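Worksheet: the structure to be examined is printed underneath.
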Amino acid sequence: MNEHSGPDPEQPGMDPSIWRGLSMPRMSRRQILKSAGTGAGAVGIGAFLAACGVSGTKVTGGKVSKTGVGSASWWKKQPVTKTVNFANWPYYIDVVSGKHLTLDHFTSQTGIAVNYTEPINNNLPFYAKIRPSLEAKQPTGYDIIVMTNNSPPLGYLINFGWLVPLDQSMMVNFDKYAGPLIKNPSWDPGNKFTMAWQSGWTAIGYNSSVIKNPGDSVGILFDKKYAGRVGMMSDPQELGSLGLLAIGVEPATSTESDWAKAAKKLQQQKNDGIVRSYYDQSYIDHLKNGDIVVSQAWSGDIFQADLNSKYRDLKLLIPVEGGMFWTDNMCIPQGAANPKAAMMLMDYFYQPGIQAVVEYYNDYVCPVPAAKQELLNPTGWTATALKQMKPEIGLPPSVTANAPTVFPTPEYIKNSRNYYQYKSQEELNAWNNLFLPIIQGA
Amino acid sequence: MEQPVLADHPGRVGSRRPRARFGKALAPYLLSLPAGLWLLILFLIPLVVMLSLSLQTCNNATGACVMTWHWGEFWQQLSLYHGQFLNSFYYAGAATIIDLLISFPIAYWIAFYGGNKKNFFLLMLLVPFFVSFIIRTVVWQFILSDQGIILGGLKNAHLLPQSFHVLATGYAVVAGLAYNYLPFTALPLYVAIERIDRRILDAAYDLYATKRDAFLRIILPLTVPGLFAAFLLTFIPQLGDYVNQQVLGGTSNTMIGTVIQNAFLVNLDYAGGSALSAILLAIALIGIFAYSRLLGSRAIEDFL
């Protein structure tokens, strides 16, 4: 196994899913990853040994001290440095001929160079990599990291006081333009530690040329009519949440006995031969080539597939039971060398004109509703950037602007559901012990 | 005049002799020190860490693992994943038998009819293995895919139903395992067959043994230790293999290696992963022990 998550020269052309196992939505970005063999965010033996001997970390509950790191007086003392290290997920920011226009624009405006890397493939393994540094009060080497709210590490980072509380006075664009879905969110009240990068739904994708009448319920995934042609996700969090929706329970407020019932329902679905396979991001390829006709799906993927006239039949269904809504959050890890530059960069992305460019590439749920107008009627730098990107994207920006999966309608928002937040390690183990055996079936 | 005085110095002579004897006694240990250190650092220490981890309770928020002597972990993991253990045994067992059946004729032929080109044939056997393990396995995925060069053609010729598939079945996993571990079977077998004294065979023919008799009563018994060495070298690594299963297998034929890999690298469940590894290790050790009792440990040494 490879310790770093970059392309591994030993494994060209390899489906990254092999290593990644339980993967996250962003990885399917335009299927480029298909060709970029990627080592999973493996835990090195060093991290592993360090993990054995550590006796525990004090939970601070995410409180900010009056004069400590992240206080107003601390922020005042921070200089504006000339560089910022941004760690994100792969294929999650605008790219034109290998360049990130938004980042270049930021550098030209502020003189701050952005060292943009894509080391995050999966929340837990990435967390395991930076944890020893955080624990030892050493810099992680990153000024901005992006963590998903549906996975435990974000909560861990907040609870252990391993995130620098944001300088609320520097969140000018955020305060002005951030959308209601990600402003003051339940996982970080008051946006004390995080600002959203992008969001998305885990819902249902189906092939409308085969399924003429999909109905409006998750029941379609359990329909014997499509036995052997149904895809489910191999992430226990995603699979379990769908199971809970199917038995009519809100995942966010579910109990352990609900989980057992959901697991039973999913086991039954598997025993009945309905599930073809438990997929990571590769579900979208199987949906495209017809191996499966309906599957758990990430909103951005279906939108992406739709851009190609060949796959116009693929449709997204957000069931009445709800679509699982997740958000990837930018945050500043403790020990960051360039916190002020990080704040500036994070807030920079909340300008509608900047976000429009990111969104034109990304097609996940936009954190800035005003970016829609910029996509429809771009001005200044945004217009130039969009024009530059158009040959590579293909469709005009208005398609992105009018997509309900990018700028959600009230109906989409109403059907959004939150993930269960584990309160303890025991809960997480209980969840995994119920759903992992279904995925890793014998 | 000075030199003899020094040489006859009682203290010096007295101290040199025991030191020399001491060094002689230590020599074998000193000589085996590199190997010993190797074993200690790369085998024993990780083994102890793994065994102790399997009894600890870990928190993947803090990464803290506390020794709780939680023996229940073994039973819990076993009850969750016994099916995957069984899968590993079925697949590794089937693949090993296939390997033995394929490589015996190959090894036999090279040893007896290879002539002065033996080394060339052995090299040919190994050439595919100059390519990375992963790539070779992924290529099998390509070859066996539903609409691939083999199945696609057969389906287009209406020799197979459209729904027929090999990938995502246990057969594909067994095929991948058998392919990837073939040299581990062929080479020990070759060594065993090659060292058979031809004069014994000549003697057998002089005594009117048929070719069949000579094979069954001379060649086969003499290669049994090689067969078992080949079995061990193939079966044990296959037992823990997870790449073939992940590339070629489907949802209902997970092998235990995959579960262990996910436990460590994806779910950060160090205790669970360690417990599963410990169980696998225990099973493998029991197998080796039983084998060495059956055939004597010399047989292993000869061929490993």
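Every chain in the structure tokens has a letter given in the order shown (A, B, ...), and although residue numbers restart at 1 in each chain, ligands are simply numbered from 1 in the order shown.
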
| field | chain A contacts on chain B, only C-alpha atoms, 7 Å, as a PyMOL selection string | value | chain B and resi 59+61-65+80+83-84+87+134-135+138+246-247+250-254+259+265-267

| message | Need the shell around Ser274 (chain B): protein/DNA/RNA residues with any atom at most 7 Å away, counting only C-alpha atoms. Skip same-chain ones fewer than 3 positions apart. Format as a VMD selection string? | response | chain B and resid 50 to 51 53 to 54 270 to 271 277 to 278

With all heavy atoms retained, write the just-selected residues as a PDB file, in the first residue's frame.
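Output saved as selection06.pdb:
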```pdb
ATOM      1  N   MET B  50       0.616  -6.192  17.428  1.00  0.00           N
ATOM      2  CA  MET B  50      -0.671  -6.595  16.877  1.00  0.00           C
ATOM      3  C   MET B  50      -1.486  -7.387  17.898  1.00  0.00           C
ATOM      4  O   MET B  50      -2.666  -7.125  18.102  1.00  0.00           O
ATOM      5  CB  MET B  50      -0.453  -7.433  15.624  1.00  0.00           C
ATOM      6  CG  MET B  50      -1.721  -7.768  14.887  1.00  0.00           C
ATOM      7  SD  MET B  50      -1.419  -9.056  13.672  1.00  0.00           S
ATOM      8  CE  MET B  50      -1.501 -10.507  14.694  1.00  0.00           C
ATOM      9  N   LEU B  51      -0.802  -8.342  18.549  1.00  0.00           N
ATOM     10  CA  LEU B  51      -1.538  -9.159  19.511  1.00  0.00           C
ATOM     11  C   LEU B  51      -2.044  -8.307  20.666  1.00  0.00           C
ATOM     12  O   LEU B  51      -3.171  -8.474  21.128  1.00  0.00           O
ATOM     13  CB  LEU B  51      -0.642 -10.285  20.028  1.00  0.00           C
ATOM     14  CG  LEU B  51      -0.361 -11.391  19.016  1.00  0.00           C
ATOM     15  CD1 LEU B  51       0.617 -12.406  19.578  1.00  0.00           C
ATOM     16  CD2 LEU B  51      -1.656 -12.074  18.601  1.00  0.00           C
ATOM     17  N   LEU B  53      -2.672  -5.103  20.568  1.00  0.00           N
ATOM     18  CA  LEU B  53      -3.724  -4.213  20.073  1.00  0.00           C
ATOM     19  C   LEU B  53      -5.068  -4.914  20.015  1.00  0.00           C
ATOM     20  O   LEU B  53      -6.109  -4.315  20.261  1.00  0.00           O
ATOM     21  CB  LEU B  53      -3.370  -3.733  18.669  1.00  0.00           C
ATOM     22  CG  LEU B  53      -2.885  -2.303  18.500  1.00  0.00           C
ATOM     23  CD1 LEU B  53      -2.626  -2.022  17.041  1.00  0.00           C
ATOM     24  CD2 LEU B  53      -3.908  -1.324  19.049  1.00  0.00           C
ATOM     25  N   SER B  54      -5.030  -6.200  19.696  1.00  0.00           N
ATOM     26  CA  SER B  54      -6.306  -6.892  19.537  1.00  0.00           C
ATOM     27  C   SER B  54      -7.038  -7.006  20.865  1.00  0.00           C
ATOM     28  O   SER B  54      -8.236  -7.248  20.892  1.00  0.00           O
ATOM     29  CB  SER B  54      -6.088  -8.271  18.915  1.00  0.00           C
ATOM     30  OG  SER B  54      -5.288  -9.051  19.763  1.00  0.00           O
ATOM     31  N   TYR B 270      -8.497  -0.438  14.723  1.00  0.00           N
ATOM     32  CA  TYR B 270      -7.247  -1.173  14.907  1.00  0.00           C
ATOM     33  C   TYR B 270      -7.459  -2.446  15.719  1.00  0.00           C
ATOM     34  O   TYR B 270      -6.869  -3.484  15.422  1.00  0.00           O
ATOM     35  CB  TYR B 270      -6.204  -0.290  15.603  1.00  0.00           C
ATOM     36  CG  TYR B 270      -5.857   0.957  14.842  1.00  0.00           C
ATOM     37  CD1 TYR B 270      -5.644   2.161  15.500  1.00  0.00           C
ATOM     38  CD2 TYR B 270      -5.735   0.932  13.462  1.00  0.00           C
ATOM     39  CE1 TYR B 270      -5.317   3.306  14.797  1.00  0.00           C
ATOM     40  CE2 TYR B 270      -5.422   2.069  12.751  1.00  0.00           C
ATOM     41  CZ  TYR B 270      -5.212   3.263  13.426  1.00  0.00           C
ATOM     42  OH  TYR B 270      -4.903   4.389  12.724  1.00  0.00           O
ATOM     43  N   ALA B 271      -8.285  -2.365  16.749  1.00  0.00           N
ATOM     44  CA  ALA B 271      -8.492  -3.537  17.597  1.00  0.00           C
ATOM     45  C   ALA B 271      -9.145  -4.659  16.793  1.00  0.00           C
ATOM     46  O   ALA B 271      -8.685  -5.807  16.825  1.00  0.00           O
ATOM     47  CB  ALA B 271      -9.350  -3.161  18.798  1.00  0.00           C
ATOM     48  N   SER B 277      -6.537 -10.323  12.279  1.00  0.00           N
ATOM     49  CA  SER B 277      -5.212 -10.765  11.839  1.00  0.00           C
ATOM     50  C   SER B 277      -4.695 -11.866  12.739  1.00  0.00           C
ATOM     51  O   SER B 277      -4.095 -12.841  12.272  1.00  0.00           O
ATOM     52  CB  SER B 277      -4.225  -9.598  11.863  1.00  0.00           C
ATOM     53  OG  SER B 277      -4.718  -8.511  11.155  1.00  0.00           O
ATOM     54  N   ALA B 278      -4.903 -11.702  14.051  1.00  0.00           N
ATOM     55  CA  ALA B 278      -4.411 -12.695  15.000  1.00  0.00           C
ATOM     56  C   ALA B 278      -5.077 -14.044  14.746  1.00  0.00           C
ATOM     57  O   ALA B 278      -4.428 -15.092  14.784  1.00  0.00           O
ATOM     58  CB  ALA B 278      -4.665 -12.227  16.430  1.00  0.00           C
TER      59      ALA B 278
END
```

| query | Near Pro339 (chain A), counting only C-alpha atoms, which residues have an atom at most 12 Å away, once you skip same-chain residues fewer than 2 positions from it, shown as JSON, numbers by chain? | reply | {"A": [69, 70, 74, 75, 76, 77, 78, 79, 80, 81, 82, 83, 84, 85, 86, 139, 141, 142, 143, 144, 145, 163, 164, 165, 166, 167, 170, 331, 332, 333, 334, 335, 336, 337, 341, 342, 343, 344, 345, 346]}

| field | Who sits within 6 Å of region 353-356 of chain A, only C-alpha atoms, same chain under 5 positions skipped, as an MDAnalysis selection string | value | chainID A and resid 371 374:375 382

| task | Go through region 31-143 of chain B and collect every residue that DSSP, computed from the backbone, puts in strand (DSSP E or B); the answer should be as JSON, numbers by chain. | result | {"B": [56, 57, 58, 65, 66, 67]}

| request: In Å, rounded to a single decimal, give me how far CA of Pro408 (chain A) is from CA of Pro369 (chain A). | output: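 One can read the CA of Pro369 (chain A) to CA of Pro408 (chain A) distance as 8.9 Å.
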